[in-house]
>>> print(open('protein-v4.pdb').read())   # PDB, C-alpha atoms, pLDDT in the B column
ATOM      1  CA  MET A   1     -20.712 -10.901   1.834  1.00 57.00           C
ATOM      2  CA  LEU A   2     -19.463  -7.545   3.045  1.00 61.00           C
ATOM      3  CA  ARG A   3     -19.088  -8.055   6.775  1.00 77.00           C
ATOM      4  CA  ASN A   4     -18.470  -5.173   9.148  1.00 90.00           C
ATOM      5  CA  LEU A   5     -18.447  -2.633   6.332  1.00 94.00           C
ATOM      6  CA  LYS A   6     -18.184   0.896   7.737  1.00 94.00           C
ATOM      7  CA  PRO A   7     -18.559   4.395   6.284  1.00 95.00           C
ATOM      8  CA  CYS A   8     -14.755   4.811   6.392  1.00 93.00           C
ATOM      9  CA  ASP A   9     -14.302   1.834   4.020  1.00 93.00           C
ATOM     10  CA  VAL A  10     -13.984   1.809   0.240  1.00 94.00           C
ATOM     11  CA  VAL A  11     -15.599  -0.869  -1.920  1.00 95.00           C
ATOM     12  CA  VAL A  12     -14.257  -1.465  -5.424  1.00 96.00           C
ATOM     13  CA  GLY A  13     -16.705  -3.149  -7.792  1.00 97.00           C
ATOM     14  CA  ILE A  14     -15.080  -4.846 -10.783  1.00 96.00           C
ATOM     15  CA  ALA A  15     -17.085  -6.059 -13.777  1.00 95.00           C
ATOM     16  CA  ALA A  16     -15.948  -5.789 -17.390  1.00 89.00           C
ATOM     17  CA  SER A  17     -19.516  -5.385 -18.632  1.00 89.00           C
ATOM     18  CA  GLY A  18     -20.540  -3.307 -15.627  1.00 92.00           C
ATOM     19  CA  ARG A  19     -23.758  -5.221 -15.098  1.00 92.00           C
ATOM     20  CA  THR A  20     -22.804  -8.253 -13.000  1.00 94.00           C
ATOM     21  CA  PRO A  21     -25.620  -8.563 -10.407  1.00 96.00           C
ATOM     22  CA  TYR A  22     -23.565  -9.428  -7.326  1.00 95.00           C
ATOM     23  CA  VAL A  23     -21.118  -6.587  -8.003  1.00 97.00           C
ATOM     24  CA  ILE A  24     -24.037  -4.172  -8.370  1.00 97.00           C
ATOM     25  CA  GLY A  25     -25.435  -5.557  -5.090  1.00 95.00           C
ATOM     26  CA  ALA A  26     -22.127  -4.959  -3.332  1.00 95.00           C
ATOM     27  CA  LEU A  27     -22.005  -1.310  -4.414  1.00 96.00           C
ATOM     28  CA  GLU A  28     -25.670  -0.827  -3.470  1.00 96.00           C
ATOM     29  CA  TYR A  29     -24.926  -2.174   0.005  1.00 95.00           C
ATOM     30  CA  ALA A  30     -21.822   0.027   0.283  1.00 96.00           C
ATOM     31  CA  ALA A  31     -23.996   3.041  -0.552  1.00 96.00           C
ATOM     32  CA  GLU A  32     -26.484   2.059   2.182  1.00 95.00           C
ATOM     33  CA  VAL A  33     -23.654   1.885   4.723  1.00 95.00           C
ATOM     34  CA  GLY A  34     -22.168   5.177   3.523  1.00 96.00           C
ATOM     35  CA  ALA A  35     -18.886   3.698   2.269  1.00 96.00           C
ATOM     36  CA  GLU A  36     -17.099   5.150  -0.734  1.00 96.00           C
ATOM     37  CA  ARG A  37     -17.629   3.226  -3.958  1.00 97.00           C
ATOM     38  CA  ILE A  38     -15.379   2.762  -6.975  1.00 97.00           C
ATOM     39  CA  SER A  39     -16.396   0.973 -10.149  1.00 97.00           C
ATOM     40  CA  ILE A  40     -13.949  -0.511 -12.615  1.00 97.00           C
ATOM     41  CA  THR A  41     -15.669  -1.415 -15.869  1.00 95.00           C
ATOM     42  CA  CYS A  42     -14.805  -1.383 -19.545  1.00 91.00           C
ATOM     43  CA  ASN A  43     -18.237  -0.051 -20.509  1.00 91.00           C
ATOM     44  CA  PRO A  44     -18.758   3.697 -20.012  1.00 93.00           C
ATOM     45  CA  ASP A  45     -22.564   3.255 -20.036  1.00 94.00           C
ATOM     46  CA  ALA A  46     -22.591   0.425 -17.471  1.00 95.00           C
ATOM     47  CA  PRO A  47     -25.193   0.468 -14.669  1.00 95.00           C
ATOM     48  CA  LEU A  48     -22.385  -0.131 -12.151  1.00 96.00           C
ATOM     49  CA  ASN A  49     -20.839   3.256 -12.928  1.00 97.00           C
ATOM     50  CA  SER A  50     -23.937   5.140 -11.743  1.00 96.00           C
ATOM     51  CA  LEU A  51     -23.619   3.492  -8.292  1.00 97.00           C
ATOM     52  CA  ALA A  52     -20.011   4.564  -7.815  1.00 97.00           C
ATOM     53  CA  SER A  53     -18.530   7.718  -6.321  1.00 95.00           C
ATOM     54  CA  VAL A  54     -15.610   7.229  -8.708  1.00 96.00           C
ATOM     55  CA  SER A  55     -15.875   5.348 -11.975  1.00 96.00           C
ATOM     56  CA  ILE A  56     -12.752   4.076 -13.738  1.00 97.00           C
ATOM     57  CA  CYS A  57     -13.449   2.927 -17.248  1.00 95.00           C
ATOM     58  CA  PRO A  58     -10.432   1.992 -19.381  1.00 94.00           C
ATOM     59  CA  VAL A  59     -11.230   1.915 -23.078  1.00 89.00           C
ATOM     60  CA  VAL A  60      -9.969  -1.359 -24.518  1.00 89.00           C
ATOM     61  CA  GLY A  61     -12.002  -1.806 -27.689  1.00 83.00           C
ATOM     62  CA  PRO A  62     -13.488  -5.111 -28.813  1.00 81.00           C
ATOM     63  CA  GLU A  63     -11.984  -8.386 -27.637  1.00 79.00           C
ATOM     64  CA  VAL A  64      -9.989 -10.449 -30.130  1.00 81.00           C
ATOM     65  CA  ILE A  65     -12.346 -13.346 -29.402  1.00 81.00           C
ATOM     66  CA  SER A  66     -15.894 -12.032 -29.236  1.00 79.00           C
ATOM     67  CA  GLY A  67     -17.706 -12.832 -26.007  1.00 73.00           C
ATOM     68  CA  SER A  68     -14.583 -13.155 -23.872  1.00 71.00           C
ATOM     69  CA  THR A  69     -14.020 -10.428 -21.283  1.00 62.00           C
ATOM     70  CA  ARG A  70     -10.987 -12.093 -19.741  1.00 70.00           C
ATOM     71  CA  MET A  71      -8.488 -10.924 -22.253  1.00 83.00           C
ATOM     72  CA  LYS A  72      -8.140  -7.195 -22.929  1.00 88.00           C
ATOM     73  CA  ALA A  73     -10.749  -6.066 -20.383  1.00 88.00           C
ATOM     74  CA  GLY A  74      -9.381  -8.319 -17.642  1.00 88.00           C
ATOM     75  CA  THR A  75      -5.821  -7.163 -18.296  1.00 90.00           C
ATOM     76  CA  ALA A  76      -6.848  -3.501 -18.250  1.00 93.00           C
ATOM     77  CA  GLN A  77      -8.761  -3.972 -14.994  1.00 95.00           C
ATOM     78  CA  LYS A  78      -5.794  -5.736 -13.405  1.00 94.00           C
ATOM     79  CA  MET A  79      -3.575  -2.790 -14.341  1.00 95.00           C
ATOM     80  CA  VAL A  80      -6.057  -0.382 -12.725  1.00 96.00           C
ATOM     81  CA  LEU A  81      -6.099  -2.525  -9.556  1.00 96.00           C
ATOM     82  CA  ASN A  82      -2.286  -2.499  -9.493  1.00 96.00           C
ATOM     83  CA  MET A  83      -2.344   1.302  -9.653  1.00 95.00           C
ATOM     84  CA  LEU A  84      -4.953   1.549  -6.881  1.00 95.00           C
ATOM     85  CA  SER A  85      -3.076  -0.809  -4.564  1.00 94.00           C
ATOM     86  CA  THR A  86       0.230   0.961  -5.233  1.00 93.00           C
ATOM     87  CA  ALA A  87      -1.344   4.334  -4.427  1.00 92.00           C
ATOM     88  CA  ALA A  88      -2.904   2.892  -1.255  1.00 91.00           C
ATOM     89  CA  MET A  89       0.447   1.499  -0.054  1.00 90.00           C
ATOM     90  CA  ILE A  90       2.089   4.887  -0.612  1.00 88.00           C
ATOM     91  CA  LYS A  91      -0.735   6.772   1.114  1.00 86.00           C
ATOM     92  CA  LEU A  92      -0.640   4.374   4.097  1.00 85.00           C
ATOM     93  CA  GLY A  93       3.080   5.066   4.620  1.00 83.00           C
ATOM     94  CA  LYS A  94       4.257   1.596   3.622  1.00 88.00           C
ATOM     95  CA  VAL A  95       6.654   2.923   0.970  1.00 89.00           C
ATOM     96  CA  TYR A  96       9.872   4.927   1.230  1.00 88.00           C
ATOM     97  CA  LYS A  97      10.971   6.340  -2.121  1.00 87.00           C
ATOM     98  CA  ASN A  98      10.201   3.332  -4.341  1.00 89.00           C
ATOM     99  CA  LEU A  99      10.815   0.689  -1.670  1.00 92.00           C
ATOM    100  CA  MET A 100       8.142  -1.312   0.155  1.00 92.00           C
ATOM    101  CA  VAL A 101       9.366  -0.819   3.716  1.00 91.00           C
ATOM    102  CA  ASP A 102       6.449  -2.143   5.731  1.00 88.00           C
ATOM    103  CA  VAL A 103       7.470  -5.779   5.475  1.00 90.00           C
ATOM    104  CA  ASN A 104       7.241  -8.485   8.099  1.00 91.00           C
ATOM    105  CA  PRO A 105      10.354 -10.635   7.661  1.00 94.00           C
ATOM    106  CA  THR A 106       9.221 -13.996   9.022  1.00 94.00           C
ATOM    107  CA  ASN A 107      11.744 -16.256   7.274  1.00 96.00           C
ATOM    108  CA  LYS A 108      15.323 -16.162   5.948  1.00 95.00           C
ATOM    109  CA  LYS A 109      14.290 -15.051   2.471  1.00 96.00           C
ATOM    110  CA  LEU A 110      12.292 -12.090   3.845  1.00 95.00           C
ATOM    111  CA  MET A 111      15.069 -11.239   6.321  1.00 96.00           C
ATOM    112  CA  LYS A 112      17.483 -11.000   3.393  1.00 96.00           C
ATOM    113  CA  ARG A 113      14.958  -8.834   1.549  1.00 96.00           C
ATOM    114  CA  ALA A 114      14.675  -6.570   4.626  1.00 97.00           C
ATOM    115  CA  CYS A 115      18.465  -6.238   4.672  1.00 97.00           C
ATOM    116  CA  ASN A 116      18.516  -5.366   0.957  1.00 97.00           C
ATOM    117  CA  ILE A 117      15.762  -2.755   1.389  1.00 96.00           C
ATOM    118  CA  VAL A 118      17.644  -1.042   4.222  1.00 95.00           C
ATOM    119  CA  LYS A 119      20.849  -1.151   2.145  1.00 96.00           C
ATOM    120  CA  LEU A 120      19.113   0.435  -0.858  1.00 95.00           C
ATOM    121  CA  ALA A 121      17.522   3.101   1.331  1.00 93.00           C
ATOM    122  CA  THR A 122      20.592   3.998   3.368  1.00 93.00           C
ATOM    123  CA  GLY A 123      23.729   2.765   1.623  1.00 94.00           C
ATOM    124  CA  ALA A 124      24.972   1.416   4.971  1.00 94.00           C
ATOM    125  CA  ASP A 125      27.250  -1.608   5.089  1.00 94.00           C
ATOM    126  CA  GLU A 126      25.822  -5.046   5.760  1.00 94.00           C
ATOM    127  CA  ASN A 127      27.202  -5.362   9.309  1.00 95.00           C
ATOM    128  CA  LYS A 128      25.576  -2.079  10.386  1.00 92.00           C
ATOM    129  CA  ILE A 129      22.347  -3.064   8.700  1.00 94.00           C
ATOM    130  CA  LYS A 130      22.198  -6.449  10.413  1.00 95.00           C
ATOM    131  CA  ALA A 131      22.957  -4.846  13.783  1.00 92.00           C
ATOM    132  CA  VAL A 132      20.236  -2.214  13.461  1.00 91.00           C
ATOM    133  CA  LEU A 133      17.725  -4.746  12.122  1.00 94.00           C
ATOM    134  CA  ASP A 134      18.450  -6.983  15.109  1.00 93.00           C
ATOM    135  CA  GLU A 135      18.099  -4.017  17.460  1.00 87.00           C
ATOM    136  CA  THR A 136      14.740  -3.005  15.979  1.00 88.00           C
ATOM    137  CA  GLY A 137      13.316  -6.521  15.829  1.00 90.00           C
ATOM    138  CA  TYR A 138      13.641  -6.411  12.040  1.00 93.00           C
ATOM    139  CA  SER A 139      11.507  -3.283  11.642  1.00 90.00           C
ATOM    140  CA  VAL A 140      12.634  -2.105   8.224  1.00 92.00           C
ATOM    141  CA  LYS A 141      11.030   1.329   8.625  1.00 88.00           C
ATOM    142  CA  LEU A 142      12.619   2.003  12.001  1.00 86.00           C
ATOM    143  CA  SER A 143      15.976   0.645  10.812  1.00 90.00           C
ATOM    144  CA  ILE A 144      15.963   3.065   7.883  1.00 89.00           C
ATOM    145  CA  MET A 145      15.033   5.960  10.170  1.00 84.00           C
ATOM    146  CA  MET A 146      17.810   5.078  12.612  1.00 85.00           C
ATOM    147  CA  GLN A 147      20.410   4.780   9.837  1.00 87.00           C
ATOM    148  CA  LYS A 148      19.322   7.958   8.066  1.00 82.00           C
ATOM    149  CA  LEU A 149      19.171  10.034  11.234  1.00 78.00           C
ATOM    150  CA  LYS A 150      22.349   8.519  12.712  1.00 72.00           C
ATOM    151  CA  ARG A 151      20.468   8.269  15.993  1.00 59.00           C
ATOM    152  CA  VAL A 152      20.143   4.991  17.809  1.00 51.00           C
ATOM    153  CA  THR A 153      18.359   6.041  20.946  1.00 56.00           C
ATOM    154  CA  LEU A 154      15.666   4.812  23.257  1.00 52.00           C
ATOM    155  CA  SER A 155      13.680   8.009  22.679  1.00 61.00           C
ATOM    156  CA  LEU A 156      13.550   7.399  18.918  1.00 63.00           C
ATOM    157  CA  LYS A 157      12.197   3.913  19.571  1.00 64.00           C
ATOM    158  CA  LEU A 158       9.646   5.331  22.006  1.00 62.00           C
ATOM    159  CA  ILE A 159       8.478   7.955  19.515  1.00 65.00           C
ATOM    160  CA  TRP A 160       8.335   5.299  16.805  1.00 63.00           C
ATOM    161  CA  ASN A 161       6.118   3.088  18.955  1.00 66.00           C
ATOM    162  CA  LEU A 162       3.853   6.015  19.825  1.00 63.00           C
ATOM    163  CA  SER A 163       3.474   6.898  16.149  1.00 64.00           C
ATOM    164  CA  LYS A 164       2.624   3.245  15.354  1.00 62.00           C
ATOM    165  CA  GLY A 165       5.207   3.312  12.573  1.00 58.00           C
ATOM    166  CA  LYS A 166       3.608   6.164  10.639  1.00 57.00           C
ATOM    167  CA  GLN A 167       6.854   7.886   9.709  1.00 54.00           C
ATOM    168  CA  ASN A 168       5.072  10.693   7.856  1.00 49.00           C
ATOM    169  CA  HIS A 169       2.903  11.782  10.767  1.00 47.00           C
ATOM    170  CA  LEU A 170       5.155  12.080  13.799  1.00 43.00           C
ATOM    171  CA  LEU A 171       8.778  11.257  13.161  1.00 49.00           C
ATOM    172  CA  LEU A 172       9.587  13.306  10.094  1.00 49.00           C
ATOM    173  CA  PRO A 173       8.545  16.681  11.558  1.00 45.00           C
ATOM    174  CA  LEU A 174      10.544  16.002  14.737  1.00 43.00           C
ATOM    175  CA  PHE A 175      13.783  14.819  13.204  1.00 45.00           C
ATOM    176  CA  CYS A 176      13.628  16.051   9.653  1.00 46.00           C
ATOM    177  CA  PRO A 177      11.857  19.441   9.457  1.00 43.00           C
ATOM    178  CA  THR A 178      11.900  19.481   5.672  1.00 46.00           C
ATOM    179  CA  GLY A 179      10.059  16.144   5.611  1.00 47.00           C
ATOM    180  CA  ARG A 180      12.775  14.689   3.390  1.00 49.00           C
ATOM    181  CA  PHE A 181      15.789  12.540   4.131  1.00 44.00           C
ATOM    182  CA  GLN A 182      18.990  13.580   2.456  1.00 41.00           C
TER
END
>>> encode(input="protein-v4.pdb", output="structure tokens")
Amino acid sequence: MLRNLKPCDVVVGIAASGRTPYVIGALEYAAEVGAERISITCNPDAPLNSLASVSICPVVGPEVISGSTRMKAGTAQKMVLNMLSTAAMIKLGKVYKNLMVDVNPTNKKLMKRACNIVKLATGADENKIKAVLDETGYSVKLSIMMQKLKRVTLSLKLIWNLSKGKQNHLLLPLFCPTGRFQ
């Protein structure tokens, strides 16, 4: 059930054949609400495609075992989903270069990962990284900003909090007019 679906949402309907009834129902409901709709099928003539604002239809050819849509079609659809989720993470500002920086390090393993991400992004030594991570409450994004800008100030933290961590929207124009870290 699609609870609390709003016009600003996007619904992705996935069906290899493109005619699975509950997937069609989900896209019909999304259309009623005014949400954007994406279909991912492996059948260019599928009914699902006509309900979608955007239709993604990888051509995979016949399955090795006739009647099974979990092999080639399922693999192709998973690859499309990986691309969509990667693009969404980039668009939402959760990625810096090729690093996932919007992580919530809640255990030792993730804290080590946070440290490694900051090291890859900044080249700083481990002691500096641990100090800035501690200072920022293990905010990887803010730690990278502070290391890159060589500014550890209360005002940077205040601006960061006001921007809700959206480095692209507020912080980059203020501290990095080109929009790029060097």
>>> resolve_selection(input="protein-v4.pdb", expression="the PyMOL selection byres ((chain A and resi 65-75) around 10)", output="PyMOL selection string")
chain A and resi 14-17+41-43+57-64+76-81
>>> residues_near_point(input="protein-v4.pdb", point="(20.8, -6.9, 14.1)", cutoff="12 Å", atoms="all atoms listed in the file", output="JSON, numbers by chain")
{"A": [111, 112, 114, 115, 118, 126, 127, 128, 129, 130, 131, 132, 133, 134, 135, 136, 137, 138, 139, 140, 143]}
>>> atom_distance(input="protein-v4.pdb", atom1="atom CA of A:Ser53", atom2="atom CA of A:Asn98")
29.1 Å
>>> axis_aligned_box(input="protein-v4.pdb", around="stretch 67-75 of chain A", padding_each_side="4 Å", output="AutoDock Vina command-line options")
--center_x -11.8 --center_y -9.6 --center_z -21.8 --size_x 19.9 --size_y 15.1 --size_z 16.4
>>> resolve_selection(input="protein-v4.pdb", expression="the PyMOL selection byres ((chain A and resi 50) around 12)", output="PDB file with C-alpha atoms, in the frame of the given file")
ATOM      1  CA  GLY A  13     -16.705  -3.149  -7.792  1.00 97.00           C
ATOM      2  CA  GLY A  18     -20.540  -3.307 -15.627  1.00 92.00           C
ATOM      3  CA  ARG A  19     -23.758  -5.221 -15.098  1.00 92.00           C
ATOM      4  CA  ILE A  24     -24.037  -4.172  -8.370  1.00 97.00           C
ATOM      5  CA  LEU A  27     -22.005  -1.310  -4.414  1.00 96.00           C
ATOM      6  CA  GLU A  28     -25.670  -0.827  -3.470  1.00 96.00           C
ATOM      7  CA  ALA A  31     -23.996   3.041  -0.552  1.00 96.00           C
ATOM      8  CA  ARG A  37     -17.629   3.226  -3.958  1.00 97.00           C
ATOM      9  CA  ILE A  38     -15.379   2.762  -6.975  1.00 97.00           C
ATOM     10  CA  SER A  39     -16.396   0.973 -10.149  1.00 97.00           C
ATOM     11  CA  ILE A  40     -13.949  -0.511 -12.615  1.00 97.00           C
ATOM     12  CA  THR A  41     -15.669  -1.415 -15.869  1.00 95.00           C
ATOM     13  CA  ASN A  43     -18.237  -0.051 -20.509  1.00 91.00           C
ATOM     14  CA  PRO A  44     -18.758   3.697 -20.012  1.00 93.00           C
ATOM     15  CA  ASP A  45     -22.564   3.255 -20.036  1.00 94.00           C
ATOM     16  CA  ALA A  46     -22.591   0.425 -17.471  1.00 95.00           C
ATOM     17  CA  PRO A  47     -25.193   0.468 -14.669  1.00 95.00           C
ATOM     18  CA  LEU A  48     -22.385  -0.131 -12.151  1.00 96.00           C
ATOM     19  CA  ASN A  49     -20.839   3.256 -12.928  1.00 97.00           C
ATOM     20  CA  LEU A  51     -23.619   3.492  -8.292  1.00 97.00           C
ATOM     21  CA  ALA A  52     -20.011   4.564  -7.815  1.00 97.00           C
ATOM     22  CA  SER A  53     -18.530   7.718  -6.321  1.00 95.00           C
ATOM     23  CA  VAL A  54     -15.610   7.229  -8.708  1.00 96.00           C
ATOM     24  CA  SER A  55     -15.875   5.348 -11.975  1.00 96.00           C
ATOM     25  CA  ILE A  56     -12.752   4.076 -13.738  1.00 97.00           C
TER      26      ILE A  56
END
>>> resolve_selection(input="protein-v4.pdb", expression="the PyMOL selection byres ((chain A and resi 94) around 12)", output="PyMOL selection string")
chain A and resi 85-93+95-104+139-142+164-168
>>> closest_residue(input="protein-v4.pdb", among="A:Met145, A:Leu110, A:Ala121, A:Val12", to="A:Gly25", atoms="all atoms listed in the file")
A:Val12
>>> atom_distance(input="protein-v4.pdb", atom1="atom CA of A:Tyr22", atom2="atom CA of A:Cys8")
21.6 Å
>>> atom_distance(input="protein-v4.pdb", atom1="atom CA of A:Asn4", atom2="atom CA of A:Ala30")
10.8 Å
